[in-house]
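Chemist: What follows is a single structure, and I will ask about it in a moment.
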Amino acid sequence: MRPHFSVFSLGFALLTTPALAWEDGPSLEELMKPAPNQAWNGFALAGHSTTKLADGVYAFRNTGTRSIFMVTDDGVIATDPVSEIHAKLMRDAIAEVTDQPVTHVVYSHEHWDHVQGGQIFKDEGATFIAHENCAKHFYDLPNPNIVMPDVTFADDYTLEVGGRSLELMYFGPNHGDCMVVMQPDAGDYLFIVDLVTPGGAPLGFMPDYSPHHWVRTLKEIEALDYKAIIGGHGALLSHPSAVTERRQYLEALMEATQTAMVSGDNPFELHKEIRVPEFDYLRGYEGRIEDNARRMLMYYGIGW
Ligand SMILES: [Zn+2]
């Protein structure tokens with residue numbers, strides 16, 4: 001394997017590459033401060049940008065969604081095409097840094113807001129890779145804008161191309177049931193999609209999340225050795241303590257929900273009283289806490 005150098009070992013030297021810039025928003029130093037960290041709220045939501053994070057490792061963002069790609073000696077590994085527009089812009093971004101073809105596309109999980117639009121890569125011969133449970137979802141509910149995976153796997157998977165590697169770590173069900181967390185070159189970064197949105201409260205009704213599996217997965221990620229999260233949404237990079245902050249928010253919400261459910265109060269009004277004030281600094285908290293509480297009430301009400 002060729003040596004890889006990250007922004008951590010080289011400061012900002014790599015970011016001087018023409019056509020590349022540090023993504024709009026806070027500096028690396030600000031982003032690497034642990035939770036609670038308001039710098040994680042300073043991300044861009046308009047336009048698109050490409051950031052070189054290490055030798056051959058790039059983050060690509062269009063509006064609010066991010067993918068990564070890796071340039072190897074034998075082709076490019078792209079991840080989550082997201083949409084036709086996102087995929088086209090990412091293909092252009094790849095062409096800015098290499099003439100290599102895209103040979104592999106990896107899906108993070110099954111949700112349509114991350115895996116549509118891959119045809120542009122299929123047309124140039126890329127092999128599509130996803131956890132086997134993703135393929136089941138795509139057969140169950142076909143979407144003509146989703147390219148079916150060519151290669152599936154049941155547990156962890158290591159993609160090796162041109163002397164580079166991309167670890168695909170599977171933790172079982174958590175958000176959907178085919179989510180993988182990706183680690184380029186067993187190095188500094190984990191690319192984490194949807195399981196954590198650093199500095200924010202979870203999206204409204206916490207779609208397709210299994211609360212106890214979510215907490216379990218976050219604990220397993222907390223035990224891994226890495227330096228920074230590359231976010232599928234939100235901040236480009238964040239300190240690993242963002243995972244702990246999310247887990248602790250969920251655990252506090254679970255406890256508050258169970259307490260409310262034995263209070264004797266009207267069960268249809270409980271979402272109005274369940275609060276986790278120690279986390280009210282999280283981005284979006286005020287607008288999301290009632291829906292978060294509704295989701296947790298459903299979880300403890302029917303076990304789903
Ligand atoms: Zn998702």
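A note on labels: chains of the structure tokens are A, B, ... as shown, every chain counts residues from 1, and ligands are counted from 1 in their shown order.
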Considering only C-alpha atoms, return as an MDAnalysis selection string whatever protein or nucleic-acid residues lie within 12 Å of A:Ala228, sequence-local ones (same chain, fewer than 4 positions apart) excluded.

Modeler: chainID A and resid 6:8 28:29 31:34 53 183:184 187:192 198 221:222 224 235:243

Chemist: I need the helix (DSSP H, G or I) residues of stretch 7-151 of chain A per DSSP on the backbone, written as a PyMOL selection string.

Modeler: chain A and resi 7-10+13-16+28-31+38-41+84-97+112-115+119-122+132-140

Chemist: Restricting the output to C-alpha atoms, write the selected residues as a CSV table (one decimal), in the first residue's frame.

Modeler:
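The resulting file, selection05.csv, is reproduced below:
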chain,number,residue,atom,x,y,z
A,7,VAL,CA,-4.8,16.8,6.6
A,8,PHE,CA,-3.8,15.8,10.1
A,9,SER,CA,-0.3,14.9,9.2
A,10,LEU,CA,0.2,17.6,6.6
A,13,ALA,CA,-0.5,21.7,2.5
A,14,LEU,CA,-2.6,19.3,0.5
A,15,LEU,CA,-5.4,21.8,0.2
A,16,THR,CA,-3.4,24.0,-2.1
A,28,LEU,CA,-10.1,22.0,10.6
A,29,GLU,CA,-8.9,23.2,14.0
A,30,GLU,CA,-12.3,24.4,14.9
A,31,LEU,CA,-14.0,21.3,13.7
A,38,GLN,CA,-21.0,25.0,17.6
A,39,ALA,CA,-18.5,25.0,14.7
A,40,TRP,CA,-20.3,21.9,13.4
A,41,ASN,CA,-23.3,24.1,12.6
A,84,GLU,CA,-28.4,12.3,-11.2
A,85,ILE,CA,-27.2,15.8,-10.6
A,86,HIS,CA,-25.0,14.9,-7.7
A,87,ALA,CA,-23.4,12.1,-9.6
A,88,LYS,CA,-22.7,14.3,-12.7
A,89,LEU,CA,-21.1,17.0,-10.6
A,90,MET,CA,-19.1,14.4,-8.7
A,91,ARG,CA,-18.0,12.8,-12.0
A,92,ASP,CA,-16.8,16.3,-13.1
A,93,ALA,CA,-15.0,16.7,-9.8
A,94,ILE,CA,-13.2,13.4,-10.3
A,95,ALA,CA,-12.2,14.4,-13.8
A,96,GLU,CA,-10.6,17.5,-12.2
A,97,VAL,CA,-8.1,15.4,-10.3
A,112,TRP,CA,-33.0,6.7,-2.0
A,113,ASP,CA,-31.6,10.1,-1.0
A,114,HIS,CA,-28.1,8.6,-1.1
A,115,VAL,CA,-28.2,5.9,-3.9
A,119,GLN,CA,-26.1,5.2,-14.2
A,120,ILE,CA,-23.4,7.6,-15.3
A,121,PHE,CA,-20.9,5.4,-13.5
A,122,LYS,CA,-22.5,2.2,-14.8
A,132,GLU,CA,-26.8,-7.8,0.5
A,133,ASN,CA,-29.8,-6.4,2.5
A,134,CYS,CA,-29.7,-3.2,0.3
A,135,ALA,CA,-30.3,-5.4,-2.8
A,136,LYS,CA,-33.4,-6.9,-1.1
A,137,HIS,CA,-34.8,-3.5,-0.6
A,138,PHE,CA,-34.2,-2.5,-4.2
A,139,TYR,CA,-36.0,-5.6,-5.4
A,140,ASP,CA,-38.9,-5.0,-3.0

Chemist: Find the residues near ligand 1. Use a cut-off of 8 Å, count only C-alpha atoms and all ligand atoms, and write them as a PyMOL selection string.

Modeler: chain A and resi 109-114+175-176+193-194+207-208

Chemist: In Å, rounded to a single decimal, give me how far atom CA of A:Val161 is from atom CA of A:Asp123.

Modeler: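 So the two atoms, atom CA of A:Asp123 and atom CA of A:Val161, lie 19.3 Å apart.
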
Chemist: Can you measure atom CA of A:Asp80 to atom CA of A:Ala35 for me? One decimal in Å is fine.

Modeler: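 A separation of 27.1 Å between them.
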
Chemist: Might you pull out every residue within 12 Å of A:Leu45, with only C-alpha atoms counted and same-chain residues fewer than 2 positions away left off, and present them as a PyMOL selection string?

Modeler: chain A and resi 23-25+41-43+47-49+61-66+233-236

Chemist: Out of A:Gly232, A:Gly75, A:Pro36, A:Pro26, which residue has the shortest atom-to-atom distance to A:Gly200 when counting only C-alpha atoms?

Modeler: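 Closest residue, counting only C-alpha atoms: A:Pro36.
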
Chemist: Between atom CA of A:Ile229 and atom CA of A:Glu245, measure the distance and give it in Å to one decimal.

Modeler: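 So the two atoms, atom CA of A:Ile229 and atom CA of A:Glu245, lie 13.1 Å apart.
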
Chemist: Compile the contact shell of A:Val71 as a VMD selection string: residues with an atom at most 9 Å away, counting only C-alpha atoms, same-chain residues fewer than 2 positions apart removed.

Modeler: chain A and resid 55 to 58 69 73 to 78 94 97 to 98 100 102 162 164

Chemist: Please produce an output containing N, CA and C atoms for each residue in the selection, written as a short mmCIF file (atom, residue, chain, number, x, y, z; two decimals), in the first residue's frame.

Modeler:
data_model
loop_
_atom_site.label_atom_id
_atom_site.label_comp_id
_atom_site.auth_asym_id
_atom_site.auth_seq_id
_atom_site.Cartn_x
_atom_site.Cartn_y
_atom_site.Cartn_z
N ASP A 55 -3.96 11.85 0.60
CA ASP A 55 -3.50 11.44 -0.71
C ASP A 55 -4.53 10.49 -1.34
N GLY A 56 -5.19 10.94 -2.39
CA GLY A 56 -6.16 10.09 -3.08
C GLY A 56 -7.51 9.99 -2.42
N VAL A 57 -7.75 10.72 -1.35
CA VAL A 57 -9.04 10.65 -0.64
C VAL A 57 -9.71 12.02 -0.69
N TYR A 58 -10.91 12.06 -1.23
CA TYR A 58 -11.62 13.31 -1.45
C TYR A 58 -13.04 13.23 -0.90
N PHE A 69 -14.71 10.00 -2.56
CA PHE A 69 -14.14 9.16 -3.61
C PHE A 69 -12.66 8.99 -3.38
N ASP A 73 -4.35 3.69 -8.34
CA ASP A 73 -3.58 3.49 -9.58
C ASP A 73 -4.37 2.69 -10.61
N ASP A 74 -5.45 2.05 -10.20
CA ASP A 74 -6.25 1.23 -11.12
C ASP A 74 -7.70 1.66 -11.18
N GLY A 75 -7.95 2.94 -11.04
CA GLY A 75 -9.32 3.42 -11.15
C GLY A 75 -9.78 4.11 -9.89
N VAL A 76 -10.97 4.66 -9.98
CA VAL A 76 -11.53 5.47 -8.89
C VAL A 76 -12.66 4.71 -8.20
N ILE A 77 -12.65 4.77 -6.88
CA ILE A 77 -13.77 4.26 -6.08
C ILE A 77 -14.64 5.46 -5.73
N ALA A 78 -15.88 5.43 -6.17
CA ALA A 78 -16.83 6.48 -5.77
C ALA A 78 -17.83 5.88 -4.79
N ILE A 94 -14.23 14.44 -10.12
CA ILE A 94 -13.23 13.37 -10.26
C ILE A 94 -12.33 13.66 -11.46
N VAL A 97 -9.30 15.86 -11.02
CA VAL A 97 -8.10 15.40 -10.31
C VAL A 97 -7.46 14.16 -10.91
N THR A 98 -8.15 13.46 -11.83
CA THR A 98 -7.56 12.26 -12.42
C THR A 98 -8.24 11.92 -13.75
N GLN A 100 -8.33 8.73 -14.50
CA GLN A 100 -8.74 7.34 -14.26
C GLN A 100 -10.26 7.20 -14.36
N VAL A 102 -13.97 5.66 -13.28
CA VAL A 102 -14.60 5.18 -12.04
C VAL A 102 -14.87 3.69 -12.23
N GLY A 162 -6.09 -1.03 -6.81
CA GLY A 162 -4.89 -0.26 -7.11
C GLY A 162 -4.05 0.09 -5.89
N ARG A 164 -4.97 0.51 -2.87
CA ARG A 164 -5.71 1.23 -1.82
C ARG A 164 -6.81 0.31 -1.28
#

Chemist: Please provide the set of residues having any atom within 12 Å of A:Leu253, restricted to only C-alpha atoms, with same-chain residues fewer than 5 positions apart removed, written as an MDAnalysis selection string.

Modeler: chainID A and resid 201:202 211:212 215 246:248 258:260 271 273:280 285 289:297 299:300

Chemist: For A:Lys227, which residue out of A:Ala21, A:Ala186, A:Arg283, A:Leu203 is the nearest one, using only C-alpha atoms?

Modeler: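 Residue with the minimum atom-to-atom distance to A:Lys227: A:Ala186.
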
Chemist: Can you list every residue in stretch 14-225 of chain A that DSSP puts in strand (DSSP E or B), as a VMD selection string?

Modeler: chain A and resid 48 to 54 57 to 62 65 to 72 75 to 79 82 102 to 106 127 to 131 151 to 153 157 to 161 164 to 170 174 to 176 180 to 184 189 to 192 200 209

Chemist: Store the residues of this selection in a file with C-alpha atoms, as a JSON list (two decimals), in the first residue's frame.

Modeler:
[["chain", "number", "residue", "atom", "x", "y", "z"],
["A", 48, "HIS", "CA", -21.00, 22.02, -4.44],
["A", 49, "SER", "CA", -17.39, 21.59, -3.38],
["A", 50, "THR", "CA", -14.58, 19.07, -3.41],
["A", 51, "THR", "CA", -12.00, 18.77, -0.65],
["A", 52, "LYS", "CA", -8.84, 16.69, -0.67],
["A", 53, "LEU", "CA", -8.53, 15.05, 2.75],
["A", 54, "ALA", "CA", -5.56, 12.76, 2.17],
["A", 57, "VAL", "CA", -9.04, 10.65, -0.64],
["A", 58, "TYR", "CA", -11.62, 13.31, -1.45],
["A", 59, "ALA", "CA", -14.92, 14.51, -0.06],
["A", 60, "PHE", "CA", -17.52, 15.77, -2.52],
["A", 61, "ARG", "CA", -20.58, 17.74, -1.38],
["A", 62, "ASN", "CA", -23.54, 18.94, -3.40],
["A", 65, "THR", "CA", -25.30, 15.69, 0.96],
["A", 66, "ARG", "CA", -21.76, 14.39, 0.79],
["A", 67, "SER", "CA", -19.97, 11.44, -0.81],
["A", 68, "ILE", "CA", -16.32, 10.46, -0.80],
["A", 69, "PHE", "CA", -14.14, 9.16, -3.61],
["A", 70, "MET", "CA", -10.71, 7.54, -3.74],
["A", 71, "VAL", "CA", -8.25, 7.78, -6.60],
["A", 72, "THR", "CA", -6.13, 4.64, -6.98],
["A", 75, "GLY", "CA", -9.32, 3.42, -11.15],
["A", 76, "VAL", "CA", -11.53, 5.47, -8.89],
["A", 77, "ILE", "CA", -13.77, 4.26, -6.08],
["A", 78, "ALA", "CA", -16.83, 6.48, -5.77],
["A", 79, "THR", "CA", -19.49, 6.27, -3.07],
["A", 82, "VAL", "CA", -27.15, 10.44, -4.41],
["A", 102, "VAL", "CA", -14.60, 5.18, -12.04],
["A", 103, "THR", "CA", -14.30, 1.42, -11.58],
["A", 104, "HIS", "CA", -16.29, 0.94, -8.37],
["A", 105, "VAL", "CA", -19.32, 2.54, -6.71],
["A", 106, "VAL", "CA", -20.16, 1.74, -3.09],
["A", 127, "THR", "CA", -18.92, -2.33, -10.49],
["A", 128, "PHE", "CA", -21.57, -1.50, -7.88],
["A", 129, "ILE", "CA", -21.09, -2.80, -4.35],
["A", 130, "ALA", "CA", -23.52, -2.86, -1.42],
["A", 131, "HIS", "CA", -24.48, -4.94, 1.58],
["A", 151, "VAL", "CA", -21.36, -7.40, -5.72],
["A", 152, "THR", "CA", -22.99, -7.92, -2.36],
["A", 153, "PHE", "CA", -21.65, -9.11, 0.98],
["A", 157, "TYR", "CA", -16.12, -6.13, 3.25],
["A", 158, "THR", "CA", -12.74, -4.78, 2.20],
["A", 159, "LEU", "CA", -12.62, -3.27, -1.26],
["A", 160, "GLU", "CA", -9.06, -3.29, -2.59],
["A", 161, "VAL", "CA", -8.26, -1.41, -5.78],
["A", 164, "ARG", "CA", -5.71, 1.23, -1.82],
["A", 165, "SER", "CA", -8.41, -0.11, 0.43],
["A", 166, "LEU", "CA", -11.86, 0.95, 1.53],
["A", 167, "GLU", "CA", -13.17, -0.87, 4.61],
["A", 168, "LEU", "CA", -16.93, -1.31, 4.64],
["A", 169, "MET", "CA", -17.97, -1.95, 8.22],
["A", 170, "TYR", "CA", -21.38, -3.48, 8.84],
["A", 174, "ASN", "CA", -29.48, 0.57, 12.85],
["A", 175, "HIS", "CA", -30.68, 3.06, 10.21],
["A", 176, "GLY", "CA", -32.16, 0.69, 7.67],
["A", 180, "VAL", "CA", -21.92, 0.46, 6.18],
["A", 181, "VAL", "CA", -19.46, 2.88, 7.73],
["A", 182, "MET", "CA", -16.48, 3.38, 5.43],
["A", 183, "GLN", "CA", -12.81, 3.76, 6.34],
["A", 184, "PRO", "CA", -10.38, 4.70, 3.54],
["A", 189, "TYR", "CA", -11.32, 9.02, 8.66],
["A", 190, "LEU", "CA", -14.67, 7.30, 8.98],
["A", 191, "PHE", "CA", -17.30, 8.26, 6.41],
["A", 192, "ILE", "CA", -20.52, 8.07, 8.41],
["A", 200, "GLY", "CA", -27.65, 18.48, 15.42],
["A", 209, "TYR", "CA", -33.97, 4.10, 12.81]]
